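Novice: Sharing run.txt (compact mmCIF, C-alpha atoms) below.
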# COMPACT_ATOMS: atom_id res chain seq x y z
CA GLU A 859 21.11 17.85 -6.95
CA LYS A 860 17.66 19.32 -6.26
CA VAL A 861 16.03 16.84 -8.61
CA ALA A 862 17.85 13.88 -7.09
CA ALA A 863 16.82 14.96 -3.58
CA ILE A 864 13.18 15.18 -4.67
CA ILE A 865 13.24 11.75 -6.31
CA ARG A 866 14.98 10.05 -3.39
CA GLU A 867 12.64 11.66 -0.85
CA ASN A 868 9.75 9.46 -2.01
CA PRO A 869 10.38 5.84 -3.09
CA ALA A 870 7.10 5.91 -5.06
CA ARG A 871 8.82 8.18 -7.62
CA ARG A 872 9.98 5.37 -9.87
CA TYR A 873 10.14 6.66 -13.44
CA VAL A 874 11.72 10.00 -14.17
CA VAL A 875 11.35 11.87 -17.46
CA ALA A 876 14.02 14.52 -17.96
CA SER A 877 14.10 17.54 -20.20
CA ALA A 878 17.19 19.27 -21.62
CA PRO A 879 19.27 21.74 -19.61
CA GLY A 880 17.69 25.19 -19.66
CA LYS A 881 19.14 28.58 -18.87
CA ARG A 882 21.60 28.93 -16.00
CA CYS A 883 20.87 32.67 -15.81
CA SER A 884 18.58 35.15 -17.56
CA ASP A 885 20.96 35.92 -20.45
CA ASP A 886 21.97 32.27 -21.01
CA THR A 887 20.87 30.07 -23.95
CA LYS A 888 18.97 26.80 -23.60
CA VAL A 889 20.83 23.70 -24.80
CA THR A 890 18.01 22.88 -27.24
CA ASP A 891 18.43 26.30 -28.88
CA LEU A 892 22.18 25.69 -29.18
CA LEU A 893 21.48 22.33 -30.82
CA TYR A 894 19.16 24.02 -33.33
CA ARG A 895 21.98 26.49 -34.00
CA CYS A 896 24.32 23.58 -34.79
CA TYR A 897 21.76 22.11 -37.16
CA ASP A 898 21.25 25.42 -38.98
CA ALA A 899 25.02 25.90 -39.36
CA ALA A 900 25.49 22.37 -40.73
CA CYS A 901 22.66 22.83 -43.25
CA ALA A 902 24.19 26.11 -44.40
CA GLY A 903 27.61 24.50 -44.83
CA GLU A 904 29.05 26.56 -41.98
CA ASP A 905 31.30 25.49 -39.11
CA PHE A 906 29.12 24.00 -36.36
CA LEU A 907 32.01 22.87 -34.13
CA PRO A 908 32.29 26.04 -31.97
CA THR A 909 28.63 25.74 -30.94
CA LEU A 910 28.89 21.98 -30.46
CA THR A 911 31.98 22.53 -28.28
CA GLN A 912 29.96 25.03 -26.22
CA ILE A 913 27.23 22.41 -25.70
CA ARG A 914 29.80 19.77 -24.79
CA GLN A 915 31.30 22.09 -22.18
CA ARG A 916 27.87 22.59 -20.60
CA PHE A 917 27.58 18.84 -20.04
CA GLU A 918 31.22 18.52 -18.94
CA ASP A 919 30.53 21.15 -16.29
CA ILE A 920 27.54 19.15 -15.02
CA ILE A 921 29.67 15.98 -14.86
CA ALA A 922 32.43 17.80 -12.97
CA GLN A 923 30.15 19.52 -10.48
CA LEU A 924 28.31 16.28 -9.68
CA HIS A 925 31.61 14.33 -9.48
CA LEU A 926 30.25 11.78 -11.93
CA GLN A 927 32.20 9.00 -13.57
CA ALA A 928 30.59 9.59 -16.95
CA ASP A 929 32.00 10.03 -20.43
CA LEU A 930 29.93 11.51 -23.26
CA ALA A 931 32.78 11.61 -25.80
CA ALA A 932 31.28 8.86 -27.97
CA ASP A 933 27.89 10.58 -27.93
CA PHE A 934 29.35 13.89 -29.10
CA ASP A 935 31.39 12.11 -31.79
CA ALA A 936 28.14 10.56 -33.02
CA ILE A 937 26.41 13.97 -33.06
CA ALA A 938 29.30 15.52 -35.01
CA ALA A 939 29.24 12.65 -37.52
CA HIS A 940 25.50 13.09 -37.94
CA LEU A 941 25.94 16.80 -38.66
CA ARG A 942 28.62 16.12 -41.25
CA THR A 943 26.61 13.54 -43.18
CA ALA A 944 22.83 14.05 -43.16
CA PRO A 945 21.71 16.43 -40.41
CA GLN A 946 18.16 15.88 -39.20
CA ARG A 947 16.45 18.64 -37.23
CA ASP A 948 14.46 16.39 -34.86
CA TYR A 949 17.51 14.26 -34.06
CA MET A 950 19.52 17.33 -33.12
CA ALA A 951 16.68 18.80 -31.06
CA SER A 952 16.42 15.56 -29.06
CA ARG A 953 20.04 15.30 -27.99
CA GLY A 954 19.66 17.66 -25.02
CA GLU A 955 17.11 15.35 -23.41
CA TYR A 956 19.10 12.27 -24.40
CA LEU A 957 22.38 13.45 -22.85
CA ASN A 958 20.82 15.04 -19.78
CA SER A 959 18.88 11.85 -19.01
CA LYS A 960 22.03 9.74 -19.27
CA LEU A 961 23.72 11.96 -16.68
CA LEU A 962 20.71 12.00 -14.36
CA ALA A 963 20.47 8.21 -14.55
CA ALA A 964 24.16 7.91 -13.66
CA TYR A 965 23.75 10.35 -10.76
CA LEU A 966 20.73 8.48 -9.39
CA GLY A 967 22.30 5.07 -10.02
CA VAL A 968 19.32 3.79 -12.02
CA PRO A 969 19.01 2.49 -15.60
CA PHE A 970 18.74 4.83 -18.58
CA VAL A 971 16.03 3.76 -21.05
CA ASP A 972 16.03 5.53 -24.42
CA ALA A 973 12.63 6.91 -25.43
CA ALA A 974 13.43 6.02 -29.05
CA GLN A 975 12.90 2.36 -28.11
CA MET A 976 9.34 2.82 -26.96
CA VAL A 977 7.74 6.18 -27.89
CA LEU A 978 6.50 5.46 -31.39
CA PHE A 979 5.06 7.50 -34.26
CA HIS A 980 3.14 6.55 -37.38
CA ALA A 981 4.74 7.00 -40.81
CA ASP A 982 2.77 10.25 -41.26
CA GLY A 983 4.36 11.69 -38.11
CA SER A 984 1.33 11.34 -35.84
CA PHE A 985 1.80 9.78 -32.41
CA ASP A 986 0.98 6.04 -32.19
CA ALA A 987 -0.56 5.84 -28.73
CA GLU A 988 -1.41 2.16 -28.59
CA ALA A 989 1.87 0.85 -30.04
CA THR A 990 3.72 3.13 -27.62
CA ASN A 991 1.74 1.87 -24.65
CA THR A 992 2.60 -1.72 -25.56
CA ALA A 993 6.28 -0.93 -26.22
CA ILE A 994 6.68 0.88 -22.90
CA GLY A 995 5.08 -2.04 -21.08
CA HIS A 996 7.60 -4.42 -22.63
CA ALA A 997 10.59 -2.11 -22.05
CA LEU A 998 9.83 -1.40 -18.38
CA VAL A 999 8.32 -4.72 -17.28
CA ASN A 1000 11.46 -5.73 -15.38
CA VAL A 1001 12.78 -2.21 -14.72
CA GLU A 1002 11.87 -1.04 -11.23
CA ARG A 1003 13.31 2.47 -11.67
CA ALA A 1004 14.53 4.36 -14.72
CA VAL A 1005 15.32 7.73 -16.25
CA ILE A 1006 13.75 8.29 -19.66
CA PRO A 1007 14.45 11.27 -21.94
CA GLY A 1008 11.43 13.37 -22.80
CA PHE A 1009 10.40 15.17 -25.99
CA TYR A 1010 11.10 12.51 -28.62
CA GLY A 1011 10.52 9.02 -29.94
CA SER A 1012 11.08 7.25 -33.23
CA MET A 1013 9.48 6.81 -36.63
CA PRO A 1014 8.88 3.36 -38.19
CA ASN A 1015 12.16 3.73 -40.13
CA GLY A 1016 14.09 4.37 -36.92
CA THR A 1017 14.66 8.10 -37.36
CA VAL A 1018 14.04 10.39 -34.39
CA LYS A 1019 10.76 12.30 -34.20
CA THR A 1020 10.05 15.01 -31.61
CA PHE A 1021 6.87 16.37 -30.13
CA SER A 1022 6.32 20.13 -30.32
CA ARG A 1023 8.34 22.35 -27.97
CA ASP A 1024 8.02 21.46 -24.27
CA GLY A 1025 7.04 17.96 -25.35
CA SER A 1026 8.72 16.36 -22.34
CA ASP A 1027 5.41 17.05 -20.57
CA VAL A 1028 3.78 14.73 -23.10
CA THR A 1029 6.37 12.00 -22.60
CA GLY A 1030 5.78 12.08 -18.86
CA SER A 1031 2.06 11.65 -19.40
CA ILE A 1032 2.61 8.76 -21.81
CA ILE A 1033 4.95 6.95 -19.39
CA SER A 1034 2.47 7.51 -16.54
CA ARG A 1035 -0.32 5.87 -18.50
CA ALA A 1036 1.78 2.90 -19.62
CA ALA A 1037 3.20 2.32 -16.13
CA GLY A 1038 -0.24 2.48 -14.52
CA ALA A 1039 0.94 5.26 -12.23
CA ASP A 1040 -1.16 6.53 -9.33
CA LEU A 1041 0.02 10.07 -9.98
CA TYR A 1042 1.89 12.04 -12.64
CA GLU A 1043 4.05 14.71 -11.01
CA ASN A 1044 5.14 17.43 -13.41
CA TRP A 1045 7.90 19.55 -11.92
CA LYS A 1046 8.26 23.14 -13.09
CA ASP A 1047 9.78 26.36 -11.76
CA VAL A 1048 6.38 27.60 -10.55
CA SER A 1049 4.15 26.29 -7.77
CA GLY A 1050 1.26 25.30 -10.00
CA PHE A 1051 -1.19 27.16 -12.20
CA GLN A 1052 -2.13 30.70 -11.31
CA MET A 1053 -5.61 32.11 -11.81
CA ALA A 1054 -4.34 34.76 -14.20
CA ASP A 1055 -1.15 35.77 -15.99
CA PRO A 1056 1.18 37.21 -13.30
CA ARG A 1057 2.64 39.54 -15.92
CA ILE A 1058 -0.78 41.25 -16.05
CA VAL A 1059 -2.33 40.63 -12.63
CA ASP A 1060 -0.24 41.23 -9.50
CA ASN A 1061 0.18 38.11 -7.34
CA PRO A 1062 -2.73 36.07 -8.69
CA ARG A 1063 -3.91 33.14 -6.58
CA THR A 1064 -2.62 29.66 -7.26
CA ILE A 1065 -5.27 27.20 -8.43
CA SER A 1066 -5.38 24.31 -5.97
CA VAL A 1067 -7.58 21.95 -8.04
CA ILE A 1068 -8.51 22.16 -11.72
CA THR A 1069 -10.26 19.67 -14.00
CA TYR A 1070 -8.89 18.43 -17.31
CA ARG A 1071 -11.67 20.28 -19.15
CA GLU A 1072 -10.95 23.57 -17.40
CA LEU A 1073 -7.27 23.17 -18.12
CA ARG A 1074 -7.96 22.60 -21.81
CA GLU A 1075 -9.98 25.81 -21.97
CA LEU A 1076 -7.29 27.87 -20.22
CA SER A 1077 -4.42 26.28 -22.19
CA TYR A 1078 -6.18 27.02 -25.46
CA MET A 1079 -6.42 30.67 -24.45
CA GLY A 1080 -2.73 30.95 -23.64
CA ALA A 1081 -2.17 29.60 -20.11
CA SER A 1082 0.98 27.63 -20.87
CA VAL A 1083 2.37 26.00 -17.73
CA LEU A 1084 1.72 22.50 -19.14
CA HIS A 1085 1.86 21.30 -22.74
CA GLU A 1086 -1.80 20.95 -23.73
CA ASP A 1087 -1.31 17.49 -25.31
CA ALA A 1088 0.01 16.15 -21.99
CA ILE A 1089 -3.53 15.89 -20.69
CA PHE A 1090 -4.84 13.18 -23.00
CA PRO A 1091 -2.86 10.02 -22.02
CA VAL A 1092 -3.45 10.45 -18.28
CA ARG A 1093 -7.04 11.61 -18.74
CA PHE A 1094 -7.68 8.42 -20.69
CA ALA A 1095 -6.28 6.39 -17.79
CA GLY A 1096 -7.82 8.47 -14.98
CA ILE A 1097 -4.44 9.50 -13.55
CA PRO A 1098 -4.28 12.91 -11.80
CA ILE A 1099 -1.47 15.37 -12.56
CA ASN A 1100 0.27 17.36 -9.83
CA ILE A 1101 2.11 20.49 -11.01
CA LYS A 1102 4.95 21.02 -8.51
CA ASN A 1103 7.82 23.46 -8.05
CA THR A 1104 11.38 22.09 -8.17
CA ASN A 1105 12.56 25.11 -6.17
CA ASP A 1106 9.80 24.75 -3.55
CA PRO A 1107 9.02 21.02 -3.31
CA SER A 1108 6.93 21.35 -0.16
CA ALA A 1109 4.38 23.61 -1.90
CA PRO A 1110 1.21 21.61 -2.76
CA GLY A 1111 1.05 22.95 -6.30
CA THR A 1112 -1.98 22.35 -8.51
CA MET A 1113 -3.85 19.07 -8.84
CA ILE A 1114 -5.36 18.34 -12.27
CA VAL A 1115 -8.20 15.81 -12.00
CA ALA A 1116 -11.07 14.40 -14.04
CA GLU A 1117 -13.85 15.74 -11.80
CA ALA A 1118 -13.95 18.04 -8.79
CA ASP A 1119 -16.51 19.70 -6.59
CA SER A 1120 -16.91 23.45 -6.86
CA ASP A 1121 -15.01 25.26 -4.15
CA ASP A 1122 -15.73 28.67 -2.68
CA CYS A 1123 -14.43 30.42 -5.79
CA VAL A 1124 -16.86 30.68 -8.71
CA ILE A 1125 -14.14 30.87 -11.33
CA THR A 1126 -11.07 28.69 -11.70
CA GLY A 1127 -9.00 30.93 -13.93
CA ILE A 1128 -8.90 33.68 -16.54
CA ALA A 1129 -6.78 33.61 -19.68
CA GLY A 1130 -6.73 35.34 -23.02
CA LYS A 1131 -4.74 36.38 -26.04
CA LYS A 1132 -4.58 38.95 -28.77
CA GLY A 1133 -4.35 38.60 -32.53
CA PHE A 1134 -7.94 37.85 -33.55
CA CYS A 1135 -10.27 39.40 -36.11
CA SER A 1136 -13.90 38.97 -37.11
CA ILE A 1137 -15.95 38.84 -40.28
CA SER A 1138 -19.57 39.85 -39.69
CA ILE A 1139 -22.34 39.01 -42.17
CA GLU A 1140 -25.83 40.51 -42.19
CA LYS A 1141 -28.75 39.24 -44.24
CA ASP A 1142 -32.48 39.51 -43.66
CA MET A 1143 -34.22 36.17 -43.05
CA MET A 1144 -30.87 34.41 -42.76
CA ASN A 1145 -32.37 32.03 -40.21
CA GLN A 1146 -34.83 30.69 -42.81
CA GLU A 1147 -32.23 30.11 -45.52
CA VAL A 1148 -31.36 26.41 -45.40
CA GLY A 1149 -27.60 25.76 -45.60
CA PHE A 1150 -26.57 29.38 -45.05
CA GLY A 1151 -24.07 28.62 -42.28
CA ARG A 1152 -22.66 25.62 -44.13
CA ARG A 1153 -21.96 27.68 -47.25
CA VAL A 1154 -20.19 30.37 -45.24
CA LEU A 1155 -18.01 27.86 -43.41
CA GLU A 1156 -17.26 26.07 -46.68
CA VAL A 1157 -15.40 29.20 -47.78
CA PHE A 1158 -13.10 28.90 -44.76
CA GLU A 1159 -12.67 25.17 -45.30
CA ASP A 1160 -11.69 25.70 -48.95
CA GLU A 1161 -9.03 28.18 -47.80
CA ASN A 1162 -7.83 25.77 -45.07
CA ILE A 1163 -8.72 28.26 -42.33
CA CYS A 1164 -9.79 27.20 -38.83
CA PHE A 1165 -12.34 29.43 -37.12
CA GLU A 1166 -12.35 30.08 -33.38
CA HIS A 1167 -15.91 31.19 -32.54
CA LEU A 1168 -19.22 31.62 -34.32
CA PRO A 1169 -21.58 33.96 -32.44
CA SER A 1170 -24.80 34.61 -34.36
CA GLY A 1171 -28.24 36.23 -34.30
CA ILE A 1172 -31.39 35.83 -36.40
CA ASP A 1173 -30.05 37.98 -39.24
CA THR A 1174 -26.35 38.12 -38.34
CA MET A 1175 -23.43 35.74 -38.24
CA THR A 1176 -19.88 36.48 -37.09
CA ILE A 1177 -16.83 34.32 -37.69
CA VAL A 1178 -13.90 34.93 -35.35
CA VAL A 1179 -10.49 33.75 -36.60
CA ALA A 1180 -6.85 34.27 -35.74
CA LYS A 1181 -5.64 37.18 -37.87
CA SER A 1182 -2.62 35.16 -39.00
CA GLU A 1183 -4.98 32.65 -40.64
CA LEU A 1184 -6.16 35.34 -43.08
CA ASP A 1185 -2.72 36.53 -44.20
CA GLY A 1186 -2.87 36.80 -47.99
CA LYS A 1187 -6.38 35.34 -48.05
CA LEU A 1188 -8.70 38.07 -46.76
CA ASP A 1189 -9.87 39.49 -50.10
CA ARG A 1190 -10.50 36.00 -51.49
CA VAL A 1191 -12.47 35.00 -48.40
CA LEU A 1192 -14.68 38.11 -48.49
CA ASP A 1193 -15.32 37.73 -52.24
CA SER A 1194 -16.17 34.03 -51.86
CA ILE A 1195 -18.62 34.70 -48.99
CA CYS A 1196 -20.37 37.34 -51.12
CA LYS A 1197 -20.70 34.89 -54.00
CA MET A 1198 -21.83 32.02 -51.76
CA VAL A 1199 -24.56 33.74 -49.70
CA VAL A 1200 -25.07 37.23 -51.22
CA PRO A 1201 -25.23 39.08 -47.86
CA ASP A 1202 -26.88 42.45 -47.36
CA SER A 1203 -23.61 43.62 -45.80
CA ILE A 1204 -20.28 42.19 -44.75
CA SER A 1205 -17.64 43.79 -42.54
CA PHE A 1206 -14.15 42.96 -41.31
CA ASP A 1207 -12.82 44.04 -37.91
CA GLU A 1208 -9.33 43.42 -36.56
CA ASN A 1209 -7.34 44.09 -33.37
CA LEU A 1210 -9.60 41.82 -31.35
CA ALA A 1211 -8.51 40.13 -28.12
CA LEU A 1212 -10.35 37.22 -26.52
CA ILE A 1213 -10.64 36.59 -22.78
CA ALA A 1214 -11.95 33.29 -21.38
CA VAL A 1215 -13.38 33.16 -17.86
CA VAL A 1216 -13.36 29.49 -16.89
CA GLY A 1217 -14.83 27.73 -13.87
CA ARG A 1218 -16.90 24.71 -12.97
CA GLY A 1219 -18.44 26.85 -10.22
CA MET A 1220 -20.15 29.13 -12.75
CA ILE A 1221 -22.76 26.46 -13.53
CA LYS A 1222 -24.35 26.86 -10.09
CA ALA A 1223 -23.55 30.52 -9.44
CA ALA A 1224 -26.07 33.17 -10.44
CA GLY A 1225 -24.80 36.38 -12.00
CA SER A 1226 -21.41 35.23 -13.33
CA ALA A 1227 -21.96 36.88 -16.72
CA ALA A 1228 -23.25 40.04 -15.03
CA LYS A 1229 -20.04 40.27 -12.99
CA ILE A 1230 -17.95 40.08 -16.16
CA PHE A 1231 -20.01 42.73 -17.92
CA ASN A 1232 -20.07 45.02 -14.87
CA ALA A 1233 -16.30 44.72 -14.44
CA CYS A 1234 -15.73 45.79 -18.03
CA ALA A 1235 -18.36 48.54 -17.88
CA ASN A 1236 -16.88 50.00 -14.70
CA ALA A 1237 -13.45 50.01 -16.35
CA GLY A 1238 -14.85 51.80 -19.41
CA ILE A 1239 -14.27 48.82 -21.70
CA ASN A 1240 -16.58 47.98 -24.60
CA ILE A 1241 -17.31 44.27 -25.09
CA ARG A 1242 -17.31 43.49 -28.81
CA MET A 1243 -18.25 39.81 -28.64
CA ILE A 1244 -19.84 37.38 -26.17
CA ASP A 1245 -19.78 33.58 -26.48
CA GLN A 1246 -20.79 31.04 -23.83
CA GLY A 1247 -20.29 27.32 -24.34
CA SER A 1248 -23.24 24.97 -23.83
CA SER A 1249 -21.40 23.33 -20.93
CA GLU A 1250 -21.49 26.65 -19.02
CA LEU A 1251 -17.87 25.96 -18.13
CA ASN A 1252 -16.63 29.17 -19.70
CA ILE A 1253 -17.65 32.59 -20.96
CA ILE A 1254 -15.56 34.18 -23.70
CA ILE A 1255 -15.64 37.87 -24.46
CA GLY A 1256 -13.95 39.89 -27.17
CA VAL A 1257 -12.47 43.34 -26.49
CA ASP A 1258 -10.20 45.74 -28.36
CA GLU A 1259 -6.57 44.69 -28.07
CA LYS A 1260 -5.75 48.03 -26.40
CA ASP A 1261 -8.18 47.12 -23.59
CA PHE A 1262 -6.98 43.54 -23.12
CA GLU A 1263 -4.80 43.88 -20.02
CA CYS A 1264 -7.18 46.31 -18.33
CA ALA A 1265 -10.16 44.00 -18.96
CA LEU A 1266 -8.34 40.95 -17.63
CA ARG A 1267 -7.38 42.78 -14.43
CA ALA A 1268 -10.89 44.18 -13.98
CA ILE A 1269 -12.53 40.76 -14.35
CA TYR A 1270 -10.05 39.11 -11.98
CA ASN A 1271 -10.60 41.78 -9.33
CA GLU A 1272 -14.39 41.47 -9.70
CA PHE A 1273 -14.31 37.78 -8.80
CA ILE A 1274 -11.33 37.71 -6.43
CA LYS A 1275 -12.00 40.31 -3.77
Please rewrite the model in this file as structure tokens.
Specialist:
Amino acid sequence: EKVAAIIRENPARRYVVASAPGKRCSDDTKVTDLLYRCYDAACAGEDFLPTLTQIRQRFEDIIAQLHLQADLAADFDAIAAHLRTAPQRDYMASRGEYLNSKLLAAYLGVPFVDAAQMVLFHADGSFDAEATNTAIGHALVNVERAVIPGFYGSMPNGTVKTFSRDGSDVTGSIISRAAGADLYENWKDVSGFQMADPRIVDNPRTISVITYRELRELSYMGASVLHEDAIFPVRFAGIPINIKNTNDPSAPGTMIVAEADSDDCVITGIAGKKGFCSISIEKDMMNQEVGFGRRVLEVFEDENICFEHLPSGIDTMTIVVAKSELDGKLDRVLDSICKMVVPDSISFDENLALIAVVGRGMIKAAGSAAKIFNACANAGINIRMIDQGSSELNIIIGVDEKDFECALRAIYNEFIK
């Protein structure tokens, strides 16, 4: 009912991308998780019908409470048949969006258009952006309004393929680009992005305007209001995103744009995460040894390990990686580095947390780094690593995991008085 009121309030809201039903209360289970449970039971040869009946009742309750003339019996028969024959994980995961979108379309009185007809993937499972853009154009050319399920599309052989979790954000972005939208509204249960994690910082400010590049930096470091891949289709087309709150539709939310002037605040946001480690290499005259860095990084490439940061000095080089990337590989990596470059010393440190301070305003503001360092010093926190990108859009520091929350709060309070 809330969603329908929002859509009807503005006739410019023409294409609606729906997700699956979430939790009705804190101890409830999301429909997508119940669908995964059905899939797991079917694969194990167990009885999936009790869980499927539970899912069916959730949708029957929606139909009853909205007084809809809708019947999903055939859809649930098809799901049960699928589970009995050749259950496919992505197909099952997608049914929450599929069924919910059918009901929303019926409630709004607009056509339902299945994403499987127009969101297309390559045979290797990667998203086919251009074919999708063309297919959506053909599917919606004579459709003034529609509800489209998020999260999934189809492979060349017709099987269902999903994006990663929360992929309905991506579908909305894709539809926005193909439809030539003026604006992509993404409705959540929060009134936009906040400048820091509210679980760590009390009542952080809401970000009014953020650029795509700033959002990428914050999303990478754990700020997770919007699926990070949702940026690319609309960024390509120059379409702004407005993060809005379903439960507070009058709130302005956060605008995500290509470019923006710096406002009064030097920083846009702070984000971070734990679970990193570092390998530090020391060798005299390292800077004069041609190919030194390449040989070190070749070790990580051979082990299929992605590195996060690479701070270095004249005779030192540090590789920061997610600790999980080194599981079962650490001894091999250290031995290979020693063989490749014969360092004077090599050390491994774990329990590292990274904090990114991001803001387009830092480029023109003197003393941004000093504020970060002073905040940590005054809180008695040792900074173990410093890395600033060439764009001057962000400064990343490394601290002990035990100091992570304290450091994030101290930095926020230093900039936001």
Novice: Which residues, written as a PDB file with C-alpha atoms, in the coordinates of the input, have at least one atom at most 10 Å from Val1215 of chain A, with all atoms listed in the file counted and residues fewer than 5 positions away on the same chain left out?
Specialist:
ATOM      1  CA  MET A1053      -5.610  32.110 -11.810  1.00  0.00           C
ATOM      2  CA  ALA A1054      -4.340  34.760 -14.200  1.00  0.00           C
ATOM      3  CA  GLU A1072     -10.950  23.570 -17.400  1.00  0.00           C
ATOM      4  CA  GLU A1075      -9.980  25.810 -21.970  1.00  0.00           C
ATOM      5  CA  LEU A1076      -7.290  27.870 -20.220  1.00  0.00           C
ATOM      6  CA  MET A1079      -6.420  30.670 -24.450  1.00  0.00           C
ATOM      7  CA  ILE A1125     -14.140  30.870 -11.330  1.00  0.00           C
ATOM      8  CA  THR A1126     -11.070  28.690 -11.700  1.00  0.00           C
ATOM      9  CA  GLY A1127      -9.000  30.930 -13.930  1.00  0.00           C
ATOM     10  CA  ILE A1128      -8.900  33.680 -16.540  1.00  0.00           C
ATOM     11  CA  ALA A1129      -6.780  33.610 -19.680  1.00  0.00           C
ATOM     12  CA  GLY A1130      -6.730  35.340 -23.020  1.00  0.00           C
ATOM     13  CA  MET A1220     -20.150  29.130 -12.750  1.00  0.00           C
ATOM     14  CA  SER A1226     -21.410  35.230 -13.330  1.00  0.00           C
ATOM     15  CA  ALA A1227     -21.960  36.880 -16.720  1.00  0.00           C
ATOM     16  CA  ILE A1230     -17.950  40.080 -16.160  1.00  0.00           C
ATOM     17  CA  GLN A1246     -20.790  31.040 -23.830  1.00  0.00           C
ATOM     18  CA  LEU A1251     -17.870  25.960 -18.130  1.00  0.00           C
ATOM     19  CA  ASN A1252     -16.630  29.170 -19.700  1.00  0.00           C
ATOM     20  CA  ILE A1253     -17.650  32.590 -20.960  1.00  0.00           C
ATOM     21  CA  ILE A1254     -15.560  34.180 -23.700  1.00  0.00           C
ATOM     22  CA  ILE A1255     -15.640  37.870 -24.460  1.00  0.00           C
ATOM     23  CA  LEU A1266      -8.340  40.950 -17.630  1.00  0.00           C
ATOM     24  CA  ILE A1269     -12.530  40.760 -14.350  1.00  0.00           C
ATOM     25  CA  TYR A1270     -10.050  39.110 -11.980  1.00  0.00           C
TER      26      TYR A1270
END
Novice: Any chance you could tabulate, as a Markdown table, the residues of segment 1004-1034 of chain A at most 9 Å from segment 963-969 of chain A with each one's nearest atom pair and distance in Å to one decimal, using only C-alpha atoms, in chain and rising number order?
Specialist:
| residue | atom | partner | partner_atom | distance |
| --- | --- | --- | --- | --- |
| A:Ala1004 | CA | A:Pro969 | CA | 4.9 |
| A:Val1005 | CA | A:Ala963 | CA | 5.4 |
| A:Ile1006 | CA | A:Ala963 | CA | 8.4 |
Novice: Take the selection from the previous step and output its residues with C-alpha atoms, as a CSV table (one decimal), in the frame of the given file.
Specialist:
chain,number,residue,atom,x,y,z
A,1004,ALA,CA,14.5,4.4,-14.7
A,1005,VAL,CA,15.3,7.7,-16.2
A,1006,ILE,CA,13.8,8.3,-19.7
Novice: How would you write as a VMD selection string the residues that get within 6 Å of (12.6, 17.0, -25.4) in the file's frame, counting all atoms listed in the file?
Specialist: chain A and resid 877 952 955 1008 to 1010 1025 to 1026
Novice: Between A:Cys883, A:Met1143, A:Val1092, A:Ile865, single out the one closest to Ala987 of chain A, counting only C-alpha atoms.
Specialist: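 Residue with the minimum atom-to-atom distance to Ala987 of chain A: A:Val1092.
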Novice: Box for segment 1086-1094 of chain A - axis-aligned, 6 Å on each of the six sides, all listed atoms - centre and size in Å to one decimal, as AutoDock Vina command-line options.
Specialist:
--center_x -3.8 --center_y 14.7 --center_z -21.8 --size_x 19.7 --size_y 24.5 --size_z 19.0
Novice: Do you have the atom CA of Ala938 of chain A-atom CA of Asn958 of chain A distance handy?
Specialist: 17.4 Å
